[in-house]
file input23.txt (compact mmCIF, C-alpha atoms)
# COMPACT_ATOMS: atom_id res chain seq x y z
CA MET A 1230 -9.28 -21.80 -21.45
CA ASP A 1231 -8.77 -25.55 -21.91
CA VAL A 1232 -5.91 -26.80 -19.76
CA SER A 1233 -6.83 -30.48 -19.85
CA LYS A 1234 -3.80 -31.39 -21.94
CA SER A 1235 -1.35 -28.95 -20.39
CA GLY A 1236 -1.46 -29.34 -16.64
CA ARG A 1237 -1.66 -26.47 -14.22
CA VAL A 1238 0.57 -23.39 -14.15
CA ALA A 1239 2.81 -22.78 -11.12
CA VAL A 1240 3.69 -19.12 -10.55
CA VAL A 1241 6.95 -18.86 -8.60
CA VAL A 1242 7.43 -15.48 -6.90
CA THR A 1243 10.89 -14.79 -5.49
CA THR A 1244 10.87 -12.44 -2.50
CA TYR A 1245 12.99 -11.04 0.30
CA ASN A 1246 11.81 -8.59 2.99
CA ASN A 1247 9.57 -6.39 0.84
CA PRO A 1248 5.98 -7.05 1.93
CA ARG A 1249 4.63 -3.90 0.25
CA SER A 1250 5.79 -4.90 -3.23
CA LEU A 1251 4.91 -8.54 -2.64
CA GLU A 1252 1.34 -7.59 -1.74
CA LEU A 1253 0.94 -5.47 -4.89
CA CYS A 1254 2.33 -8.29 -7.00
CA LEU A 1255 -0.02 -10.90 -5.52
CA LEU A 1256 -2.99 -8.55 -5.78
CA SER A 1257 -2.30 -8.13 -9.50
CA LEU A 1258 -2.61 -11.91 -9.84
CA ARG A 1259 -6.21 -11.75 -8.57
CA ASP A 1260 -7.37 -10.06 -11.75
CA GLN A 1261 -5.75 -12.50 -14.19
CA ARG A 1262 -8.01 -13.72 -16.99
CA PHE A 1263 -6.25 -17.08 -16.89
CA LYS A 1264 -7.40 -18.79 -13.71
CA ASP A 1265 -5.85 -22.26 -13.54
CA PHE A 1266 -2.74 -21.45 -11.53
CA GLU A 1267 -1.28 -21.68 -8.06
CA VAL A 1268 1.31 -19.42 -6.45
CA HIS A 1269 4.54 -20.52 -4.77
CA VAL A 1270 6.35 -17.77 -2.87
CA ALA A 1271 10.08 -18.51 -2.83
CA ASP A 1272 11.12 -16.59 0.27
CA ASP A 1273 14.87 -16.08 0.70
CA GLY A 1274 14.68 -15.57 4.46
CA SER A 1275 12.20 -12.72 5.00
CA GLY A 1276 11.05 -11.71 8.47
CA GLU A 1277 7.75 -11.93 10.30
CA LYS A 1278 5.96 -9.19 8.31
CA THR A 1279 6.13 -11.25 5.13
CA ARG A 1280 4.77 -14.32 6.91
CA GLU A 1281 1.88 -12.30 8.39
CA LEU A 1282 1.09 -10.80 4.97
CA LEU A 1283 0.91 -14.21 3.33
CA LEU A 1284 -1.32 -15.60 6.09
CA ARG A 1285 -3.77 -12.77 5.43
CA LEU A 1286 -3.64 -13.01 1.65
CA LYS A 1287 -4.20 -16.76 1.78
CA ARG A 1288 -7.59 -15.95 3.30
CA GLU A 1289 -8.42 -13.06 0.97
CA LEU A 1290 -7.25 -14.16 -2.47
CA PRO A 1291 -9.04 -16.76 -4.63
CA PHE A 1292 -5.98 -18.84 -5.53
CA GLU A 1293 -3.71 -21.16 -3.59
CA ILE A 1294 -0.57 -19.65 -2.07
CA TYR A 1295 2.29 -21.84 -0.82
CA HIS A 1296 5.04 -20.25 1.26
CA HIS A 1297 8.53 -21.75 0.85
CA TRP A 1298 11.04 -20.25 3.31
CA HIS A 1299 14.57 -20.82 4.51
CA PRO A 1300 16.68 -18.86 7.04
CA ASP A 1301 18.38 -15.66 5.96
CA GLU A 1302 22.00 -16.56 5.24
CA GLY A 1303 22.66 -14.02 2.52
CA TYR A 1304 21.54 -13.97 -1.10
CA ARG A 1305 20.38 -17.50 -1.95
CA LYS A 1306 17.79 -17.07 -4.67
CA ALA A 1307 19.05 -20.14 -6.52
CA LYS A 1308 18.62 -22.37 -3.47
CA ILE A 1309 15.10 -21.26 -2.49
CA ASN A 1310 13.84 -21.42 -6.07
CA ASN A 1311 15.25 -24.92 -6.50
CA SER A 1312 13.42 -26.02 -3.37
CA VAL A 1313 10.18 -24.91 -5.03
CA PHE A 1314 11.01 -26.58 -8.34
CA ARG A 1315 11.84 -29.78 -6.46
CA ASP A 1316 8.45 -29.82 -4.75
CA LEU A 1317 6.33 -29.29 -7.88
CA ASP A 1318 4.37 -32.37 -8.94
CA PRO A 1319 4.96 -33.12 -12.66
CA ALA A 1320 1.66 -35.02 -12.78
CA ARG A 1321 -0.11 -31.74 -12.02
CA ILE A 1322 2.27 -28.93 -13.05
CA ARG A 1323 3.77 -28.62 -16.51
CA ILE A 1324 4.41 -24.89 -16.92
CA VAL A 1325 6.39 -22.76 -14.45
CA VAL A 1326 6.12 -18.96 -14.65
CA CYS A 1327 8.85 -17.17 -12.69
CA ILE A 1328 8.51 -13.58 -11.49
CA ASP A 1329 9.96 -11.35 -8.78
CA HIS A 1330 7.98 -9.75 -5.95
CA ASP A 1331 8.52 -6.22 -7.29
CA VAL A 1332 6.35 -6.39 -10.42
CA VAL A 1333 2.73 -5.61 -11.21
CA LEU A 1334 1.19 -7.86 -13.85
CA HIS A 1335 -1.11 -7.07 -16.77
CA PRO A 1336 -4.41 -9.03 -16.55
CA LEU A 1337 -3.34 -11.06 -19.59
CA PHE A 1338 0.13 -11.80 -18.23
CA LEU A 1339 -0.45 -15.46 -17.35
CA GLU A 1340 -2.66 -16.08 -20.35
CA ASP A 1341 0.09 -14.79 -22.64
CA HIS A 1342 2.62 -17.16 -21.09
CA PHE A 1343 0.18 -20.08 -21.29
CA ARG A 1344 -0.79 -19.38 -24.88
CA MET A 1345 2.85 -19.25 -25.98
CA HIS A 1346 3.36 -22.78 -24.63
CA GLN A 1347 0.05 -23.86 -26.10
CA LYS A 1348 1.15 -22.66 -29.56
CA GLU A 1349 4.26 -24.83 -29.24
CA GLY A 1350 2.23 -27.89 -28.27
CA PHE A 1351 3.40 -27.74 -24.63
CA GLY A 1352 6.77 -29.12 -25.67
CA PRO A 1353 10.22 -27.97 -24.51
CA LEU A 1354 10.10 -24.18 -24.46
CA LEU A 1355 11.57 -21.18 -22.68
CA PHE A 1356 9.48 -18.03 -23.19
CA MET A 1357 11.08 -14.74 -22.15
CA GLY A 1358 9.28 -11.45 -21.58
CA ARG A 1359 10.41 -8.00 -20.57
CA ARG A 1360 9.17 -5.26 -18.25
CA VAL A 1361 8.48 -1.54 -18.00
CA ASP A 1362 10.73 0.10 -15.41
CA LEU A 1363 8.69 2.52 -13.30
CA GLY A 1364 10.27 5.57 -11.72
CA PRO A 1365 10.18 6.34 -7.97
CA TRP A 1366 7.35 8.92 -8.19
CA LEU A 1367 4.87 6.59 -9.88
CA SER A 1368 6.02 3.55 -7.91
CA GLY A 1369 5.23 5.39 -4.69
CA ARG A 1370 1.67 6.10 -5.83
CA ILE A 1371 0.68 2.46 -6.37
CA ASN A 1372 -1.25 0.95 -3.49
CA ALA A 1373 -3.62 -1.91 -2.72
CA GLU A 1374 -6.63 0.21 -3.69
CA ASN A 1375 -5.47 1.42 -7.12
CA VAL A 1376 -3.28 -1.44 -8.33
CA PHE A 1377 -6.21 -2.91 -10.28
CA ARG A 1378 -6.68 0.30 -12.24
CA PHE A 1379 -2.96 0.70 -12.73
CA GLN A 1380 -2.41 -2.78 -14.16
CA ARG A 1381 -4.75 -2.06 -17.07
CA GLY A 1382 -1.86 -0.41 -18.83
CA LEU A 1383 -1.32 3.09 -20.18
CA SER A 1384 -2.46 5.98 -18.02
CA ALA A 1385 -1.86 9.71 -17.63
CA GLY A 1386 0.38 9.01 -14.66
CA LEU A 1387 2.49 6.57 -16.65
CA PHE A 1388 2.93 9.04 -19.51
CA LEU A 1389 3.80 11.84 -17.07
CA SER A 1390 6.38 9.67 -15.36
CA ALA A 1391 7.91 8.80 -18.74
CA LEU A 1392 7.99 12.47 -19.77
CA ARG A 1393 9.83 13.23 -16.55
CA GLY A 1394 12.45 10.70 -17.57
CA GLU A 1395 11.70 8.41 -14.62
CA THR A 1396 9.79 5.52 -16.19
CA LYS A 1397 11.80 3.64 -18.81
CA ASN A 1398 10.66 1.52 -21.76
CA ILE A 1399 7.09 2.82 -21.69
CA LEU A 1400 6.40 1.46 -25.19
CA ARG A 1401 6.53 -2.03 -23.68
CA SER A 1402 3.16 -1.17 -22.12
CA PHE A 1403 1.62 -1.48 -25.59
CA ARG A 1404 0.46 -5.08 -25.90
CA LEU A 1405 1.17 -6.44 -29.36
CA GLU A 1406 0.03 -9.82 -30.56
CA GLY A 1407 0.74 -10.51 -34.19
CA PRO A 1408 2.29 -12.81 -36.79
CA PRO A 1409 6.04 -13.46 -36.57
CA TRP A 1410 6.81 -11.23 -39.54
CA LEU A 1411 5.16 -8.25 -37.85
CA LEU A 1412 6.99 -8.84 -34.58
CA ALA A 1413 10.26 -9.07 -36.50
CA LEU A 1414 9.50 -5.90 -38.48
CA LEU A 1415 8.85 -3.96 -35.29
CA LYS A 1416 11.84 -5.57 -33.54
CA ARG A 1417 9.57 -6.96 -30.84
CA ASP A 1418 11.04 -10.47 -31.11
CA ARG A 1419 14.59 -9.46 -30.17
CA VAL A 1420 15.02 -10.77 -26.64
CA TYR A 1421 18.48 -12.19 -26.18
CA ASP A 1422 18.55 -13.40 -22.62
CA LEU A 1423 16.47 -14.44 -19.65
CA LEU A 1424 15.06 -11.83 -17.26
CA GLY A 1425 14.48 -13.47 -13.90
CA SER A 1426 11.25 -11.53 -13.28
CA ASN A 1427 9.51 -12.62 -16.49
CA TYR A 1428 9.99 -16.05 -17.99
CA SER A 1429 8.22 -19.38 -18.26
CA ILE A 1430 9.41 -22.89 -18.98
CA ASP A 1431 7.94 -26.37 -18.96
CA LEU A 1432 8.79 -28.25 -15.78
CA LYS A 1433 10.49 -31.12 -17.61
CA SER A 1434 12.95 -28.79 -19.34
CA LEU A 1435 13.66 -26.98 -16.09
CA ARG A 1436 14.54 -30.27 -14.45
CA ASP A 1437 16.53 -31.46 -17.47
CA VAL A 1438 19.02 -28.62 -16.91
CA ASN A 1439 18.81 -29.15 -13.12
CA GLY A 1440 17.31 -25.76 -12.26
CA TYR A 1441 19.39 -22.94 -10.84
CA ASN A 1442 23.07 -23.32 -10.06
CA GLU A 1443 23.38 -22.93 -6.29
CA ASP A 1444 27.06 -22.07 -6.59
CA TYR A 1445 25.76 -18.52 -7.15
CA LYS A 1446 25.53 -17.09 -3.63
CA GLY A 1447 25.85 -13.40 -4.43
CA TYR A 1448 23.67 -11.00 -6.38
CA TRP A 1449 23.70 -11.38 -10.18
CA GLY A 1450 24.52 -14.23 -12.53
CA GLU A 1451 22.16 -17.08 -11.64
CA ASP A 1452 19.57 -16.20 -14.32
CA GLY A 1453 22.18 -15.95 -17.07
CA ASP A 1454 23.70 -19.26 -16.03
CA LEU A 1455 20.28 -20.92 -16.32
CA PHE A 1456 19.67 -19.35 -19.74
CA VAL A 1457 22.97 -20.61 -21.14
CA ARG A 1458 22.21 -24.18 -20.09
CA ILE A 1459 18.70 -24.03 -21.55
CA ARG A 1460 20.06 -22.70 -24.84
CA ASN A 1461 22.85 -25.28 -24.99
CA LYS A 1462 20.38 -28.08 -24.26
CA GLY A 1463 18.59 -27.25 -27.52
CA ILE A 1464 15.38 -26.14 -25.79
CA LYS A 1465 13.49 -23.68 -27.97
CA CYS A 1466 13.80 -20.08 -26.74
CA ILE A 1467 11.29 -17.40 -27.72
CA GLY A 1468 11.21 -13.79 -26.57
CA VAL A 1469 8.60 -11.12 -27.29
CA ILE A 1470 8.45 -7.50 -26.15
CA GLY A 1471 4.97 -6.15 -25.39
CA TYR A 1472 3.57 -9.59 -24.57
CA ALA A 1473 3.20 -10.87 -21.00
CA ILE A 1474 3.48 -7.26 -19.81
CA GLN A 1475 4.68 -6.34 -16.36
CA TRP A 1476 5.65 -3.11 -14.61
CA HIS A 1477 8.66 -3.09 -12.31
CA ILE A 1478 8.29 -1.17 -9.03
CA TYR A 1479 11.26 1.13 -8.52
CA HIS A 1480 13.98 0.38 -5.98
CA ASP A 1481 17.71 0.97 -5.73
CA ARG A 1482 19.57 -1.69 -7.67
CA ILE A 1483 22.92 -3.32 -7.18
CA PRO A 1484 24.82 -2.85 -10.46
CA GLU A 1485 26.72 -5.67 -12.05
CA THR A 1486 30.49 -5.44 -11.80
CA PRO A 1487 32.99 -5.78 -14.67
CA GLU A 1488 33.86 -9.18 -13.19
CA HIS A 1489 30.19 -10.24 -13.48
CA VAL A 1490 30.04 -9.15 -17.11
CA SER A 1491 33.32 -10.87 -18.02
CA ALA A 1492 32.23 -14.10 -16.34
CA TYR A 1493 28.91 -14.08 -18.22
CA LYS A 1494 30.58 -13.42 -21.58
CA ALA A 1495 32.87 -16.37 -20.96
CA LEU A 1496 29.89 -18.51 -20.03
CA LEU A 1497 28.09 -17.60 -23.25
CA SER A 1498 30.90 -19.13 -25.29
CA ASP A 1499 30.69 -22.48 -23.47
CA THR A 1500 28.40 -24.55 -25.68
CA GLU A 1501 28.98 -27.77 -23.73
CA TYR A 1502 27.52 -26.53 -20.45
CA MET A 1503 24.03 -28.04 -20.25
CA GLU A 1504 23.51 -29.14 -16.65
CA CYS A 1505 24.78 -27.79 -13.35
CA ARG A 1506 25.90 -30.15 -10.60
CA ASN A 1507 24.66 -28.13 -7.63
CA GLY A 1508 21.03 -27.65 -8.65
CA ILE A 1509 17.65 -29.26 -8.02
CA LEU A 1510 19.56 -32.51 -7.65
CA LYS A 1511 23.08 -32.70 -6.19
CA LYS A 1512 25.44 -34.54 -8.53
call {"tool": "encode", "arguments": {"input": "input23.txt", "output": "structure tokens"}}
result
Amino acid sequence: MDVSKSGRVAVVVTTYNNPRSLELCLLSLRDQRFKDFEVHVADDGSGEKTRELLLRLKRELPFEIYHHWHPDEGYRKAKINNSVFRDLDPARIRIVVCIDHDVVLHPLFLEDHFRMHQKEGFGPLLFMGRRVDLGPWLSGRINAENVFRFQRGLSAGLFLSALRGETKNILRSFRLEGPPWLLALLKRDRVYDLLGSNYSIDLKSLRDVNGYNEDYKGYWGEDGDLFVRIRNKGIKCIGVIGYAIQWHIYHDRIPETPEHVSAYKALLSDTEYMECRNGILKK
């Protein structure tokens, strides 16, 4: 795939103390059809096991892995991600693909993100994907030996897990690439907000809104805050379900509180908010 006019893709993987999931995620990047990328692990204070894993994978995997780390002082995803964004060289990197450590990627995942930006002429663009939520039974069966077979998509195990009511949104495993009218007819183009584990944006636009708002120091809210600023800035936002497919490895989740939801709804109505002060740059 010709990347001469686009620059390289930077894959930013946010992680915290989950070396098993991180390894599966990075292994699924080895089989990507799109090859011109580098990986930046945004590590929010993980311990020694994560560092040892990355040292080993740097030797074993065919792509560059950069480890960005800061001390564990609580949930600071916004801060560690901004440190990565700040370090990226705009002369070399134009597209940033953001994922979390707890996802397994379809072999066309990066190509789908790249092609969406290519279709838009590599201009200002936020592309948002979605994920299939795996249940605990199937999540526990994925390992370093079978992750390559698993990431091919639909399988008997996936269907069985869905029939058991564990795996959610299994239809998102069906990859669909089609004209806009078909996506609209099938309601595959109805993505209304940014999911932190599956989005891409050109580096210039990311810096124009000043990255993540580091005022968010607790779980939940930082991705929505970023989305609102991107939308208000007039940057084109596209979302497609069943494109750039990923499977989310099960874990217990911290639910949002009514206060979180109320704050986000209030933020959505603020059309003047386009740039945070406590972001990539401090203003």
call {"tool": "axis_aligned_box", "arguments": {"input": "input23.txt", "around": "stretch 1495-1499 of chain A", "padding_each_side": "8 Å", "output": "AutoDock Vina command-line options"}}
result
--center_x 30.5 --center_y -19.4 --center_z -22.7 --size_x 20.8 --size_y 22.1 --size_z 21.3
call {"tool": "atom_distance", "arguments": {"input": "input23.txt", "atom1": "atom CA of A:Leu1253", "atom2": "atom CA of A:Phe1377"}}
result
9.3 Å
call {"tool": "closest_residue", "arguments": {"input": "input23.txt", "among": "A:Arg1315, A:Lys1348, A:Arg1305, A:His1299", "to": "A:Gly1440", "atoms": "only C-alpha atoms"}}
result
A:Arg1315
call {"tool": "closest_residue", "arguments": {"input": "input23.txt", "among": "A:Lys1494, A:Lys1512, A:Lys1433, A:His1342", "to": "A:Ile1464", "atoms": "all atoms listed in the file"}}
result
A:Lys1433
call {"tool": "closest_atom_pairs", "arguments": {"input": "input23.txt", "of": "stretch 1338-1440 of chain A", "to": "stretch 1475-1479 of chain A", "cutoff": "6 Å", "atoms": "only C-alpha atoms", "output": "Markdown table"}}
result
| residue | atom | partner | partner_atom | distance |
| --- | --- | --- | --- | --- |
| A:Arg1360 | CA | A:Gln1475 | CA | 5.0 |
| A:Val1361 | CA | A:Trp1476 | CA | 4.7 |
| A:Asp1362 | CA | A:His1477 | CA | 4.9 |
| A:Leu1363 | CA | A:Tyr1479 | CA | 5.6 |
| A:Gly1364 | CA | A:Tyr1479 | CA | 5.6 |
| A:Pro1365 | CA | A:Tyr1479 | CA | 5.3 |
| A:Ser1368 | CA | A:Ile1478 | CA | 5.4 |
call {"tool": "residues_near_point", "arguments": {"input": "input23.txt", "point": "(15.0, -13.1, 6.8)", "cutoff": "7 Å", "atoms": "all atoms listed in the file", "output": "PyMOL selection string"}}
result
chain A and resi 1246+1273-1276+1300-1301
call {"tool": "write_last_selection", "arguments": {"input": "input23.txt", "atoms": "C-alpha atoms", "output": "PDB file, in the frame of the given file"}}
result
ATOM      1  CA  ASN A1246      11.810  -8.590   2.990  1.00  0.00           C
ATOM      2  CA  ASP A1273      14.870 -16.080   0.700  1.00  0.00           C
ATOM      3  CA  GLY A1274      14.680 -15.570   4.460  1.00  0.00           C
ATOM      4  CA  SER A1275      12.200 -12.720   5.000  1.00  0.00           C
ATOM      5  CA  GLY A1276      11.050 -11.710   8.470  1.00  0.00           C
ATOM      6  CA  PRO A1300      16.680 -18.860   7.040  1.00  0.00           C
ATOM      7  CA  ASP A1301      18.380 -15.660   5.960  1.00  0.00           C
TER       8      ASP A1301
END
call {"tool": "closest_residue", "arguments": {"input": "input23.txt", "among": "A:Phe1314, A:Asp1265, A:Leu1392, A:Ala1320", "to": "A:Glu1293", "atoms": "all atoms listed in the file"}}
result
A:Asp1265
call {"tool": "closest_residue", "arguments": {"input": "input23.txt", "among": "A:Asp1422, A:Asp1341, A:Glu1451, A:Glu1252", "to": "A:Arg1404", "atoms": "all atoms listed in the file"}}
result
A:Asp1341
call {"tool": "residues_around", "arguments": {"input": "input23.txt", "residues": "A:Val1332", "least_positions_apart": "3", "cutoff": "12 Å", "atoms": "all atoms listed in the file", "output": "PyMOL selection string"}}
result
chain A and resi 1242-1244+1247+1249-1258+1327-1329+1335+1338+1359-1363+1368+1371+1376+1379-1380+1425-1427+1473-1480
call {"tool": "atom_distance", "arguments": {"input": "input23.txt", "atom1": "atom CA of A:Val1325", "atom2": "atom CA of A:Asp1499"}}
result
25.9 Å
call {"tool": "closest_residue", "arguments": {"input": "input23.txt", "among": "A:Tyr1421, A:Trp1298, A:Phe1456, A:Trp1366", "to": "A:Arg1280", "atoms": "all atoms listed in the file"}}
result
A:Trp1298
call {"tool": "atom_distance", "arguments": {"input": "input23.txt", "atom1": "atom CA of A:Val1238", "atom2": "atom CA of A:Asn1311"}}
result
16.6 Å
call {"tool": "residues_around", "arguments": {"input": "input23.txt", "residues": "A:Val1240", "least_positions_apart": "3", "cutoff": "9 Å", "atoms": "all atoms listed in the file", "output": "list in words"}}
result
Phe1266, Glu1267, Val1268, His1269, Val1270, Ile1324, Val1325, Val1326, Cys1327, Ile1328, Leu1339 and Ser1429 of chain A
call {"tool": "closest_residue", "arguments": {"input": "input23.txt", "among": "A:Thr1279, A:Val1457, A:Trp1449, A:Glu1395", "to": "A:His1489", "atoms": "all atoms listed in the file"}}
result
A:Trp1449
call {"tool": "residues_around", "arguments": {"input": "input23.txt", "residues": "A:Pro1408", "least_positions_apart": "6", "cutoff": "12 Å", "atoms": "all atoms listed in the file", "output": "list in words"}}
result
Leu1414, Leu1415, Arg1417, Asp1418 and Val1469 of chain A
call {"tool": "residues_around", "arguments": {"input": "input23.txt", "residues": "A:Lys1462", "least_positions_apart": "5", "cutoff": "12 Å", "atoms": "only C-alpha atoms", "output": "list of chain:residue names"}}
result
A:Pro1353, A:Leu1354, A:Leu1355, A:Ser1434, A:Leu1435, A:Arg1436, A:Asp1437, A:Val1438, A:Asn1439, A:Leu1455, A:Phe1456, A:Val1457, A:Asp1499, A:Thr1500, A:Glu1501, A:Tyr1502, A:Met1503, A:Glu1504, A:Cys1505
call {"tool": "residues_around", "arguments": {"input": "input23.txt", "residues": "A:Tyr1493", "least_positions_apart": "2", "cutoff": "8 Å", "atoms": "all atoms listed in the file", "output": "list of chain:residue names"}}
result
A:Gly1450, A:Gly1453, A:Asp1454, A:His1489, A:Val1490, A:Ser1491, A:Ala1495, A:Leu1496, A:Leu1497
